[in-house]
Every structure is written in structure tokens, then in C-alpha cells.
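Dropping structure_23.cif in here (mmCIF, C-alpha atoms and all ligand atoms):
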```
data_model
loop_
_atom_site.label_atom_id
_atom_site.label_comp_id
_atom_site.auth_asym_id
_atom_site.auth_seq_id
_atom_site.Cartn_x
_atom_site.Cartn_y
_atom_site.Cartn_z
CA MET A 902 62.84 15.74 -7.20
CA SER A 903 62.63 19.01 -5.26
CA VAL A 904 63.15 22.36 -6.94
CA LEU A 905 66.37 22.88 -4.99
CA THR A 906 67.80 19.46 -5.87
CA ARG A 907 67.18 20.04 -9.56
CA SER A 908 69.04 23.36 -9.50
CA VAL A 909 71.99 21.94 -7.59
CA LEU A 910 72.30 19.20 -10.18
CA GLY A 911 73.00 21.63 -13.00
CA ASP A 912 71.36 23.00 -16.12
CA VAL A 913 67.79 24.22 -16.04
CA VAL A 914 65.70 24.53 -19.24
CA VAL A 915 62.79 26.96 -18.96
CA LEU A 916 60.09 27.93 -21.44
CA GLY A 917 58.78 31.49 -21.03
CA ILE A 918 55.53 32.97 -22.33
CA GLU A 919 54.96 36.72 -22.73
CA THR A 920 51.57 38.16 -23.72
CA SER A 921 51.30 41.41 -21.73
CA CYS A 922 50.80 43.66 -24.76
CA ASP A 923 50.80 43.01 -28.51
CA GLU A 924 53.66 40.52 -28.82
CA THR A 925 53.13 36.79 -28.33
CA GLY A 926 56.59 35.75 -27.20
CA VAL A 927 57.75 32.22 -26.48
CA GLY A 928 61.36 31.81 -25.45
CA ILE A 929 63.42 28.89 -24.21
CA VAL A 930 66.64 29.30 -22.24
CA ARG A 931 69.13 27.01 -20.58
CA LEU A 932 70.57 28.34 -17.31
CA ARG A 933 73.87 26.65 -16.55
CA ALA A 934 75.19 25.94 -13.07
CA ASP A 935 77.84 28.68 -13.56
CA GLY A 936 75.07 31.30 -13.95
CA THR A 937 75.37 31.76 -17.71
CA VAL A 938 72.17 31.70 -19.74
CA GLU A 939 71.99 30.22 -23.23
CA LEU A 940 69.19 31.39 -25.50
CA LEU A 941 67.73 28.34 -27.26
CA ALA A 942 64.68 29.91 -28.89
CA ASP A 943 62.99 33.32 -29.07
CA GLU A 944 59.80 33.12 -31.14
CA ILE A 945 57.69 36.25 -31.58
CA ALA A 946 54.34 36.77 -33.28
CA SER A 947 53.31 40.42 -33.23
CA SER A 948 49.85 41.87 -33.81
CA VAL A 949 51.31 45.37 -34.18
CA GLU A 950 50.07 45.74 -37.76
CA GLN A 951 46.48 45.12 -36.67
CA HIS A 952 46.76 48.07 -34.25
CA ALA A 953 48.60 50.49 -36.53
CA ARG A 954 45.52 52.21 -37.96
CA PHE A 955 44.26 52.94 -34.42
CA GLY A 956 47.55 54.58 -33.39
CA GLY A 957 47.80 52.39 -30.29
CA VAL A 958 47.24 48.84 -29.07
CA VAL A 959 43.58 47.73 -28.98
CA PRO A 960 43.28 45.27 -26.06
CA GLU A 961 40.59 42.99 -27.55
CA VAL A 962 42.46 42.71 -30.84
CA ALA A 963 45.66 41.85 -28.96
CA SER A 964 43.93 39.12 -26.89
CA ARG A 965 42.49 37.41 -29.96
CA ALA A 966 45.82 37.54 -31.74
CA HIS A 967 47.55 35.93 -28.73
CA LEU A 968 44.99 33.15 -28.75
CA GLU A 969 45.70 32.36 -32.40
CA ALA A 970 49.47 32.69 -32.15
CA MET A 971 50.12 30.87 -28.87
CA VAL A 972 50.21 27.16 -29.69
CA PRO A 973 52.08 27.55 -33.02
CA ALA A 974 54.64 29.77 -31.26
CA VAL A 975 55.25 27.13 -28.58
CA HIS A 976 55.68 24.44 -31.23
CA ARG A 977 58.09 26.62 -33.20
CA ALA A 978 60.10 27.46 -30.09
CA LEU A 979 60.51 23.79 -29.12
CA ALA A 980 61.54 22.93 -32.69
CA VAL A 981 64.05 25.80 -32.95
CA ALA A 982 65.51 24.98 -29.52
CA GLY A 983 65.79 21.30 -30.49
CA VAL A 984 64.25 20.23 -27.19
CA SER A 985 61.20 18.15 -26.49
CA SER A 986 58.61 19.00 -23.87
CA SER A 987 60.16 16.40 -21.56
CA ASP A 988 63.40 18.47 -21.49
CA VAL A 989 61.58 21.51 -20.06
CA ASP A 990 62.15 21.89 -16.30
CA ALA A 991 59.72 24.78 -15.70
CA VAL A 992 57.29 27.12 -17.43
CA ALA A 993 57.36 30.86 -16.73
CA VAL A 994 54.75 33.40 -17.76
CA THR A 995 54.18 37.13 -17.41
CA ALA A 996 51.53 37.59 -14.70
CA GLY A 997 51.57 41.42 -15.02
CA PRO A 998 51.64 44.32 -15.40
CA GLY A 999 49.90 44.51 -18.77
CA LEU A 1000 46.56 44.25 -20.55
CA ALA A 1001 44.22 42.02 -18.53
CA GLY A 1002 42.79 40.00 -21.42
CA ALA A 1003 46.17 39.57 -23.08
CA LEU A 1004 47.78 38.40 -19.82
CA LEU A 1005 44.96 35.88 -19.30
CA VAL A 1006 45.72 34.15 -22.60
CA GLY A 1007 49.37 33.67 -21.65
CA LEU A 1008 48.54 32.53 -18.13
CA ALA A 1009 45.96 30.01 -19.33
CA ALA A 1010 48.44 28.57 -21.83
CA ALA A 1011 51.28 28.44 -19.30
CA LYS A 1012 49.11 26.69 -16.73
CA ALA A 1013 48.01 24.13 -19.32
CA TYR A 1014 51.60 23.38 -20.38
CA ALA A 1015 52.83 23.21 -16.76
CA VAL A 1016 50.09 20.70 -15.87
CA ALA A 1017 50.53 18.67 -19.06
CA TRP A 1018 54.32 18.48 -18.68
CA ASP A 1019 54.17 18.14 -14.87
CA VAL A 1020 56.64 20.97 -14.22
CA PRO A 1021 56.52 24.00 -11.90
CA LEU A 1022 54.91 27.25 -13.05
CA TYR A 1023 56.38 30.70 -12.35
CA GLY A 1024 54.17 33.75 -12.80
CA VAL A 1025 56.62 36.64 -13.14
CA ASN A 1026 56.67 40.43 -13.23
CA HIS A 1027 57.14 41.88 -16.72
CA LEU A 1028 59.51 44.62 -15.50
CA SER A 1029 61.78 42.17 -13.66
CA ALA A 1030 61.85 40.08 -16.83
CA HIS A 1031 63.07 43.09 -18.84
CA VAL A 1032 66.01 43.28 -16.42
CA ALA A 1033 66.61 39.52 -16.34
CA VAL A 1034 66.99 39.23 -20.11
CA ASP A 1035 70.27 41.09 -19.92
CA THR A 1036 71.82 38.00 -18.30
CA VAL A 1037 71.27 36.17 -21.61
CA GLU A 1038 73.68 38.56 -23.28
CA HIS A 1039 76.01 39.78 -20.55
CA GLY A 1040 76.05 37.00 -17.94
CA PRO A 1041 75.09 37.12 -14.26
CA LEU A 1042 74.15 40.48 -12.74
CA PRO A 1043 76.41 41.98 -10.08
CA ALA A 1044 75.19 42.12 -6.44
CA ALA A 1045 73.82 45.61 -7.03
CA ALA A 1046 72.62 47.11 -10.28
CA LEU A 1047 70.43 49.96 -11.35
CA ALA A 1048 67.89 49.31 -14.09
CA LEU A 1049 66.25 51.85 -16.35
CA LEU A 1050 63.17 50.34 -18.01
CA VAL A 1051 61.67 52.36 -20.80
CA SER A 1052 58.92 51.07 -23.05
CA GLY A 1053 55.48 51.83 -24.42
CA GLY A 1054 53.87 50.96 -21.11
CA HIS A 1055 56.41 51.86 -18.46
CA SER A 1056 59.34 54.08 -17.51
CA SER A 1057 60.93 53.04 -14.25
CA LEU A 1058 64.18 53.36 -12.41
CA LEU A 1059 64.82 50.24 -10.33
CA ARG A 1060 67.41 49.21 -7.78
CA VAL A 1061 68.13 45.51 -8.28
CA SER A 1062 69.81 43.44 -5.60
CA SER A 1063 68.65 40.08 -6.85
CA LEU A 1064 66.46 38.84 -9.68
CA ALA A 1065 64.92 36.41 -7.21
CA GLY A 1066 63.12 39.12 -5.28
CA GLU A 1067 64.80 42.28 -4.19
CA ILE A 1068 63.89 44.89 -6.78
CA HIS A 1069 62.93 48.35 -5.50
CA THR A 1070 61.26 51.05 -7.57
CA LEU A 1071 63.15 54.33 -7.09
CA GLY A 1072 60.98 56.25 -9.51
CA ALA A 1073 58.56 55.95 -12.42
CA THR A 1074 56.66 58.11 -14.85
CA ILE A 1075 53.87 60.17 -13.36
CA ASP A 1076 52.05 60.41 -16.72
CA ASP A 1077 53.07 59.02 -20.14
CA ALA A 1078 55.66 56.27 -20.56
CA ALA A 1079 58.71 57.19 -22.63
CA GLY A 1080 57.68 54.94 -25.55
CA GLU A 1081 54.16 56.33 -25.41
CA ALA A 1082 55.62 59.83 -25.86
CA PHE A 1083 57.62 58.59 -28.88
CA ASP A 1084 54.44 57.05 -30.34
CA LYS A 1085 52.31 60.16 -29.77
CA VAL A 1086 54.91 62.58 -31.15
CA ALA A 1087 55.43 60.32 -34.16
CA ARG A 1088 51.70 60.43 -34.81
CA LEU A 1089 51.60 64.20 -34.83
CA LEU A 1090 54.57 64.25 -37.20
CA GLY A 1091 52.71 61.90 -39.54
CA LEU A 1092 55.05 58.95 -38.89
CA PRO A 1093 53.70 55.37 -38.62
CA PHE A 1094 52.95 53.42 -35.42
CA PRO A 1095 54.86 52.35 -33.39
CA GLY A 1096 56.65 55.65 -33.67
CA GLY A 1097 59.88 55.05 -31.73
CA PRO A 1098 61.90 53.48 -34.55
CA HIS A 1099 60.64 56.10 -37.04
CA ILE A 1100 61.59 59.01 -34.78
CA ASP A 1101 64.97 57.36 -34.20
CA LYS A 1102 65.51 57.15 -37.98
CA ALA A 1103 64.20 60.65 -38.78
CA ALA A 1104 66.29 62.15 -35.96
CA ARG A 1105 69.53 60.99 -37.60
CA GLU A 1106 68.99 63.63 -40.30
CA GLY A 1107 67.99 66.37 -37.84
CA ASN A 1108 69.56 68.83 -35.44
CA ALA A 1109 68.98 67.89 -31.80
CA GLU A 1110 69.60 71.49 -30.73
CA ALA A 1111 67.21 73.04 -33.23
CA ILE A 1112 64.36 73.38 -30.72
CA ALA A 1113 64.74 73.67 -26.92
CA PHE A 1114 61.96 71.35 -25.71
CA PRO A 1115 61.38 71.12 -21.93
CA ARG A 1116 63.05 68.52 -19.70
CA GLY A 1117 60.25 67.25 -17.43
CA LEU A 1118 60.67 66.99 -13.64
CA THR A 1119 64.23 68.27 -13.56
CA GLY A 1120 63.71 71.25 -11.23
CA PRO A 1121 65.46 71.34 -7.85
CA ARG A 1122 62.22 70.50 -6.00
CA ASP A 1123 61.06 67.78 -8.39
CA ALA A 1124 61.18 64.09 -7.47
CA PRO A 1125 64.70 63.15 -8.59
CA TYR A 1126 63.87 59.73 -10.00
CA ASP A 1127 60.36 60.21 -11.34
CA PHE A 1128 59.69 61.03 -15.00
CA SER A 1129 57.11 63.11 -16.83
CA PHE A 1130 56.74 63.18 -20.61
CA SER A 1131 53.28 64.61 -21.06
CA GLY A 1132 54.42 68.27 -20.86
CA LEU A 1133 57.09 67.55 -23.47
CA LYS A 1134 54.53 65.92 -25.77
CA THR A 1135 52.22 68.95 -25.42
CA SER A 1136 55.11 71.29 -26.07
CA VAL A 1137 55.97 69.44 -29.31
CA ALA A 1138 52.29 69.54 -30.34
CA ARG A 1139 52.08 73.32 -29.72
CA TRP A 1140 55.29 73.93 -31.67
CA VAL A 1141 54.11 71.86 -34.64
CA GLU A 1142 50.65 73.48 -34.61
CA ALA A 1143 52.18 76.97 -34.60
CA ARG A 1144 54.19 76.13 -37.73
CA GLN A 1145 51.14 74.66 -39.44
CA ARG A 1146 49.01 77.72 -38.55
CA ALA A 1147 51.68 79.96 -40.02
CA GLY A 1148 51.56 77.86 -43.22
CA GLU A 1149 55.20 76.86 -42.80
CA PRO A 1150 56.52 73.34 -43.40
CA VAL A 1151 57.26 71.24 -40.30
CA PRO A 1152 60.95 70.28 -40.15
CA VAL A 1153 60.22 66.68 -39.16
CA ALA A 1154 63.86 65.62 -38.71
CA ASP A 1155 64.68 68.58 -36.43
CA VAL A 1156 61.53 68.12 -34.33
CA ALA A 1157 62.24 64.37 -34.04
CA ALA A 1158 65.88 64.95 -33.06
CA SER A 1159 65.08 67.73 -30.55
CA PHE A 1160 62.23 65.74 -28.98
CA GLN A 1161 64.35 62.58 -28.79
CA GLU A 1162 67.19 64.52 -27.18
CA ALA A 1163 64.84 65.89 -24.50
CA VAL A 1164 63.72 62.35 -23.62
CA VAL A 1165 67.12 60.65 -23.58
CA ASP A 1166 68.79 63.58 -21.79
CA VAL A 1167 66.40 63.21 -18.85
CA LEU A 1168 66.48 59.40 -18.83
CA THR A 1169 70.25 59.18 -18.75
CA ALA A 1170 70.76 62.11 -16.34
CA LYS A 1171 68.36 60.61 -13.77
CA ALA A 1172 69.80 57.11 -14.12
CA ILE A 1173 73.37 58.35 -13.63
CA ARG A 1174 72.31 60.51 -10.68
CA ALA A 1175 70.67 57.51 -9.00
CA ALA A 1176 73.68 55.27 -9.67
CA THR A 1177 76.01 57.89 -8.22
CA GLU A 1178 73.87 58.59 -5.15
CA PHE A 1179 73.40 54.91 -4.32
CA GLY A 1180 77.02 54.00 -5.11
CA ILE A 1181 75.99 51.51 -7.82
CA ASP A 1182 78.39 51.04 -10.71
CA HIS A 1183 76.29 48.94 -13.13
CA LEU A 1184 73.39 50.28 -15.19
CA VAL A 1185 71.09 47.99 -17.18
CA ILE A 1186 68.76 49.59 -19.73
CA GLY A 1187 65.81 47.60 -21.06
CA GLY A 1188 62.38 47.93 -22.67
CA GLY A 1189 61.52 48.88 -26.24
CA VAL A 1190 62.95 52.41 -26.01
CA ALA A 1191 66.34 50.91 -25.09
CA ALA A 1192 66.54 50.07 -28.80
CA ASN A 1193 66.87 53.82 -29.45
CA SER A 1194 70.24 54.58 -30.99
CA ARG A 1195 70.62 58.01 -29.38
CA LEU A 1196 69.69 56.68 -25.93
CA ARG A 1197 72.30 53.94 -26.30
CA ALA A 1198 74.98 56.39 -27.46
CA LEU A 1199 74.31 59.05 -24.80
CA ALA A 1200 74.11 56.44 -22.03
CA GLU A 1201 77.45 55.04 -23.23
CA THR A 1202 79.12 58.47 -23.10
CA ARG A 1203 77.65 59.50 -19.75
CA CYS A 1204 78.27 56.13 -18.09
CA ALA A 1205 81.89 56.14 -19.26
CA ALA A 1206 82.36 59.63 -17.81
CA ALA A 1207 80.82 58.56 -14.48
CA GLY A 1208 82.73 55.26 -14.24
CA ILE A 1209 79.55 53.19 -14.60
CA ARG A 1210 79.47 49.93 -16.55
CA LEU A 1211 76.57 50.01 -19.02
CA ARG A 1212 74.69 46.85 -20.01
CA VAL A 1213 72.09 47.11 -22.78
CA PRO A 1214 70.79 43.94 -24.44
CA ARG A 1215 70.65 43.82 -28.23
CA PRO A 1216 67.51 45.55 -29.59
CA LYS A 1217 65.55 42.32 -30.22
CA LEU A 1218 65.87 41.42 -26.53
CA CYS A 1219 64.92 44.96 -25.41
CA THR A 1220 61.40 44.82 -26.88
CA ASP A 1221 58.87 42.38 -25.41
CA ASN A 1222 59.78 38.73 -25.94
CA GLY A 1223 59.44 35.31 -24.35
CA ALA A 1224 63.16 34.88 -23.69
CA MET A 1225 63.06 37.53 -20.97
CA VAL A 1226 60.33 35.64 -19.15
CA ALA A 1227 62.17 32.34 -19.57
CA ALA A 1228 65.39 33.93 -18.27
CA LEU A 1229 63.70 35.28 -15.15
CA GLY A 1230 61.87 31.99 -14.58
CA ALA A 1231 65.19 30.13 -14.83
CA HIS A 1232 66.81 32.41 -12.23
CA LEU A 1233 63.85 31.98 -9.86
CA HIS A 1234 63.85 28.20 -10.35
CA ALA A 1235 67.59 27.93 -9.80
CA ALA A 1236 67.39 30.11 -6.68
CA GLY A 1237 64.85 27.71 -5.19
CA VAL A 1238 61.99 30.21 -5.21
CA ALA A 1239 58.62 28.54 -4.61
CA PRO A 1240 56.61 28.14 -7.83
CA SER A 1241 53.27 29.90 -8.29
CA GLY A 1242 50.04 28.04 -7.64
CA LEU A 1243 47.78 27.14 -10.53
CA ASP A 1244 45.30 29.68 -9.17
CA ILE A 1245 47.64 32.60 -10.00
CA SER A 1246 45.68 35.34 -11.73
CA ALA A 1247 46.57 38.19 -14.07
CA GLY A 1248 47.74 41.38 -12.36
CA PRO A 1249 47.21 44.24 -14.83
CA SER A 1250 48.94 46.65 -12.41
CA LEU A 1251 51.15 44.08 -10.71
CA ALA A 1252 53.71 45.83 -8.51
CA LEU A 1253 57.30 44.78 -7.95
CA VAL A 1254 57.77 43.05 -4.59
O1 LIG B 1301 59.02 46.94 -24.58
P1 LIG B 1301 58.09 47.18 -25.73
O2 LIG B 1301 58.24 46.30 -26.94
O3 LIG B 1301 56.60 47.01 -25.30
C1 LIG B 1301 56.09 47.51 -24.10
O4 LIG B 1301 56.24 46.84 -23.05
O5 LIG B 1301 55.54 48.63 -24.17
O6 LIG B 1301 58.22 48.71 -26.13
C2 LIG B 1301 57.52 49.27 -27.21
C3 LIG B 1301 57.84 50.75 -27.28
C4 LIG B 1301 57.03 51.53 -28.30
O7 LIG B 1301 56.50 52.69 -27.69
C5 LIG B 1301 58.05 51.87 -29.38
O8 LIG B 1301 57.76 53.07 -30.05
C6 LIG B 1301 59.31 51.99 -28.56
O9 LIG B 1301 59.22 50.95 -27.60
N1 LIG B 1301 60.53 51.83 -29.37
C7 LIG B 1301 61.43 52.81 -29.56
C8 LIG B 1301 62.39 52.30 -30.46
N2 LIG B 1301 62.05 51.01 -30.77
C9 LIG B 1301 60.91 50.73 -30.08
N3 LIG B 1301 61.47 54.06 -29.07
C10 LIG B 1301 62.51 54.84 -29.47
N4 LIG B 1301 63.46 54.42 -30.34
C11 LIG B 1301 63.45 53.17 -30.84
N5 LIG B 1301 64.41 52.79 -31.69
ZN ZN B 1302 57.81 45.56 -21.94
#
```
Could you render the structure from this file as C-alpha cells?
Amino acid sequence: MSVLTRSVLGDVVVLGIETSCDETGVGIVRLRADGTVELLADEIASSVEQHARFGGVVPEVASRAHLEAMVPAVHRALAVAGVSSSDVDAVAVTAGPGLAGALLVGLAAAKAYAVAWDVPLYGVNHLSAHVAVDTVEHGPLPAAALALLVSGGHSSLLRVSSLAGEIHTLGATIDDAAGEAFDKVARLLGLPFPGGPHIDKAAREGNAEAIAFPRGLTGPRDAPYDFSFSGLKTSVARWVEARQRAGEPVPVADVAASFQEAVVDVLTAKAIRAATEFGIDHLVIGGGVAANSRLRALAETRCAAAGIRLRVPRPKLCTDNGAMVAALGAHLHAAGVAPSGLDISAGPSLALV
């Protein structure tokens, strides 16, 4: 049966594998003929605790953890979804961007399952998958949407016409990713890794206006849709060091709140500016930092004021997971996109097409 015939006939069940960083994600979704996506399973095994003492993800440790977690995660996902391997219509896998060794584990597993089950294989872009997962929660995307992807590895502003191909990068970070800045600032405040959730929590007790940290790349001559967080991180470090040198206590909650405000102010302002300039009235926010409570609240307020409909998946779908890969694979399969060859290789810096 051809790919197109299958999709015309109705439901498509896709298993997705994500191993680009430190989460081994295996998700299973059912894409219905009406465009709605049902989440059948979303199994995650994280090696985050093995990296915590290093303050960042150690690639070799992540690869080994993926290797150990992969097959049990696939078995669990099939059991939770209540489907057998013969019900799976396609296998999707993150081909990049991400850590080379970690990606290779996922790709090798996905190829093996696709061959064993005799189904097509889709190697997908991790960033597109972060956008696609929103369809699990909020249904099909409109013809034009803007996506703000903010995580430990990337910060990008994308213009999305179709999940099956037309995604253009309007801007990206020129140095640190937003989540990376959260992690580094958390470290200098003595908070555990990954720092984002801890800053989010500490900031709730702090004053976001206590310290005026810089807003990177917001000058009139700066690239309107690019981001920079390294100057902000340095500024926080200098401020904290000055207090420590003076023998004064560091007001962790105020620093966390003021730093967080500087990040989410820039993220939301640039996203709204892009939406307004391109006449796009839907904004999707994804990636681990989209779990941030202040980002979600400020985006809500600013989108409402600008007449933009905001779509943010629930936090568990914002961080890396297999469901996002399965969702994108299902959209590609249903759109009749040609599957990847079995010779597809990992693309650590894979660009959007
Ligand atoms: O998408 P993700 O799970 O992995 C990558 O692709 O990087 O994102 C992880 C990042 C980490 O930097 C983490 O600190 C950040 O997302 N993060 C948060 C929050 N939850 C996770 N940052 C700010 N606030 C949060 N609540
Ligand atoms: Zn990610």
C-alpha cells in the first residue's frame, strides 16, 4: 500500500524516538483523518541526574544512558498505548540537531524497528518536532503560525506555513540558548541543575524590578529577531560577585526574578513584533523554557493585547519527549512526504529546510 493510500484511508499510528540530548523519549500518537492527534503513549527516561554534578549534559554519559533505556522504553510505550508493533504505520526519529552520539543511538534503534516492522522511517528535525507537538494538545495548526522555541540547546523564532516542510528561521540566538542562560545563572546562584525550574520557583518570591539587567539585542540597529543571552548572564555574574566581594548576602529570589524577567521580556517582545510585522495571528511556544510560568503569563498578557492567539503545550510536552517526534512523523506521513532512506545519518547541526 502506498504512503498516500494509507493516509487517505484514515488513522495513522506513529512511534517516535527522541534522543538528541539527555532524554530518551518514546511516544506513540494516532493522527486521525480530521487532523486531530491522540497521544497514546509518552515514555521518558532521563539521564539528567547523571549530569547534575557536572552542571551540564556530558555527551558520552547521555549516549550510554540512551543505549540502556531505549528498548525498555519502546516496550513500555507499546504496552501503555495498548498497540502491538503490527499496528504501527511508521517510525519517526530525531535526526538532528543534537549531540552526535546521542542522535546515533536513536537513529540506529529507529532504523532497526522500521526494518523489523516493515514500515517507513522518518528522520525529523528536532525543532520542527517541538512545534508539531502542539497539535497533540490544540489540534491542527493554522495556515500560518509563528513559533518561539526556547530550550537548553536552542532559541529560535520560526515562521511555520506547514509542518510538512515550510518552516523558515526568522532569528536565533547568537550565543547562549535561553535555557542555557537559566542553567548558568542558576549555577552561580547555587541552585541545582537543570536550573530553569529552580529559577522559576525562586523568582516567585522575588521582585522582578529589583535589578535592571540588560535586554540583549534590543537596540534600534540590532537584528530584530535574533537573541543574545550571554551579556545578560555576565551581567548577573558581575552583580552577584560584587555583592559577595562586599560581604553582603545575595538576594537569590530577587536576582532570579530580575534575570527571568529580562529573558522573558525579550522573548515575548520579539515574538509579538515578528507576529505583528508578518501579519500572523497565532503564536506557538515550545521547548523546555516554555514550561516557565512567567514566560507563559507574560506571553498570555502580551498576546491578548496584540490580538494574537497563544498556543503553549502543557509543560511535559514542552520539554524533550518522543510524542513530539511521533506527532511530526504522523503529519509527514499523512501529507505523503517521502520517507527517509535507511542510510540517513545524524545531523548534529541539522538546519530547517
Ligand atoms: O527542551 P528541553 O527539555 O531540552 C533541550 O532541547 O534543551 O529544555 C531543557 C531546558 C533546560 O535549560 C531547563 O533549565 C529549561 O529547559 N527549563 C526551564 C524550565 N523548565 C525547564 N527554564 C525556565 N523555566 C522553567 N520552568
Ligand atoms: Zn528540545
What are the closest atom pairs, with distances in Å to one decimal, for each residue of chain A lying within 7 Å of ligand LIG 1301 (chain B), using all atoms listed in the file, rows by chain and rising residue number, as a tab-separated table?
```
residue	atom	partner	partner_atom	distance
A:Cys922	CA	B:LIG1301	O4	6.5
A:Ser1052	CA	B:LIG1301	O6	3.9
A:Gly1053	CA	B:LIG1301	O5	3.2
A:Gly1054	CA	B:LIG1301	O5	4.2
A:His1055	CA	B:LIG1301	O5	6.6
A:Gly1080	CA	B:LIG1301	O7	3.3
A:Glu1081	CA	B:LIG1301	O7	4.9
A:Phe1083	CA	B:LIG1301	O8	5.6
A:Asp1084	CA	B:LIG1301	O8	5.2
A:Pro1095	CA	B:LIG1301	O8	4.5
A:Gly1096	CA	B:LIG1301	O8	4.6
A:Gly1097	CA	B:LIG1301	N3	3.3
A:Pro1098	CA	B:LIG1301	N5	3.9
A:Ile1100	CA	B:LIG1301	N4	6.7
A:Asp1101	CA	B:LIG1301	N4	5.1
A:Gly1188	CA	B:LIG1301	O1	4.0
A:Gly1189	CA	B:LIG1301	O6	3.3
A:Val1190	CA	B:LIG1301	N3	3.8
A:Ala1191	CA	B:LIG1301	C8	6.8
A:Ala1192	CA	B:LIG1301	N5	4.5
A:Asn1193	CA	B:LIG1301	N5	3.5
A:Ser1194	CA	B:LIG1301	N5	6.1
A:Cys1219	CA	B:LIG1301	O1	6.3
A:Thr1220	CA	B:LIG1301	O2	3.5
A:Asp1221	CA	B:LIG1301	O2	4.3
```
Exercise. Atom CA of Leu1000 of chain A to atom CA of Ala1078 of chain A: how many Å, to one decimal?
Worked result: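 According to the coordinates, atom CA of Leu1000 of chain A and atom CA of Ala1078 of chain A are separated by 15.1 Å.
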Select from segment 1014-1091 of chain A every residue with an atom at most 7 Å from any atom of segment 932-955 of chain A, then for each give the shortest pair of atoms and their distance in Å to one decimal, using all atoms listed in the file, rows by chain and rising number, as a tab-separated table.
```
residue	atom	partner	partner_atom	distance
A:Thr1036	CA	A:Val938	CA	6.5
A:Val1037	CA	A:Val938	CA	4.9
A:Gly1040	CA	A:Thr937	CA	5.3
A:Pro1041	CA	A:Gly936	CA	5.8
```
Within 8 Å of segment 1202-1207 of chain A: each segment 1090-1186 of chain A residue with its shortest pair, all atoms listed in the file, as JSON lines:
```
{"residue": "A:Thr1169", "atom": "CA", "partner": "A:Arg1203", "partner_atom": "CA", "distance": 7.5}
{"residue": "A:Ile1173", "atom": "CA", "partner": "A:Cys1204", "partner_atom": "CA", "distance": 7.0}
{"residue": "A:Thr1177", "atom": "CA", "partner": "A:Ala1207", "partner_atom": "CA", "distance": 7.9}
```
Exercise. Restricting the calculation to all atoms listed in the file, which member of A:Ala1079, A:Leu1058, A:Ala1010, A:Val1141 is positioned closest to Gly1091 of chain A?
Worked result: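 The answer is A:Val1141, which sits nearest to Gly1091 of chain A.
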For this session: Can you work out the spacing between atom CA of Arg1210 of chain A and atom CA of Val1226 of chain A in Å, to one decimal?
Result: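 Result for atom CA of Arg1210 of chain A versus atom CA of Val1226 of chain A: 24.0 Å, one decimal.
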For this session: Excluding Ala1109 of chain A and residues on its chain fewer than 3 positions from it, collect all residues at most 7 Å away from it, counting all atoms listed in the file, and give them as a PyMOL selection string.
Result: chain A and resi 1155+1158-1159+1162
Exercise. With all atoms listed in the file as the basis for distance, which of A:Ala1157, A:Leu1089, A:Ile1209, A:Val1051 is at the shortest distance from Gly1180 of chain A?
Worked result: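 Comparing A:Ala1157, A:Leu1089, A:Ile1209, A:Val1051 against Gly1180 of chain A, the winner is A:Ile1209.
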Exercise. Which residue gives the smallest distance to ligand ZN 1302 (chain B) among A:Ala1104, A:Ile1186, A:Ala1124, A:Ile1075, with all atoms listed in the file counted?
Worked result: A:Ile1186
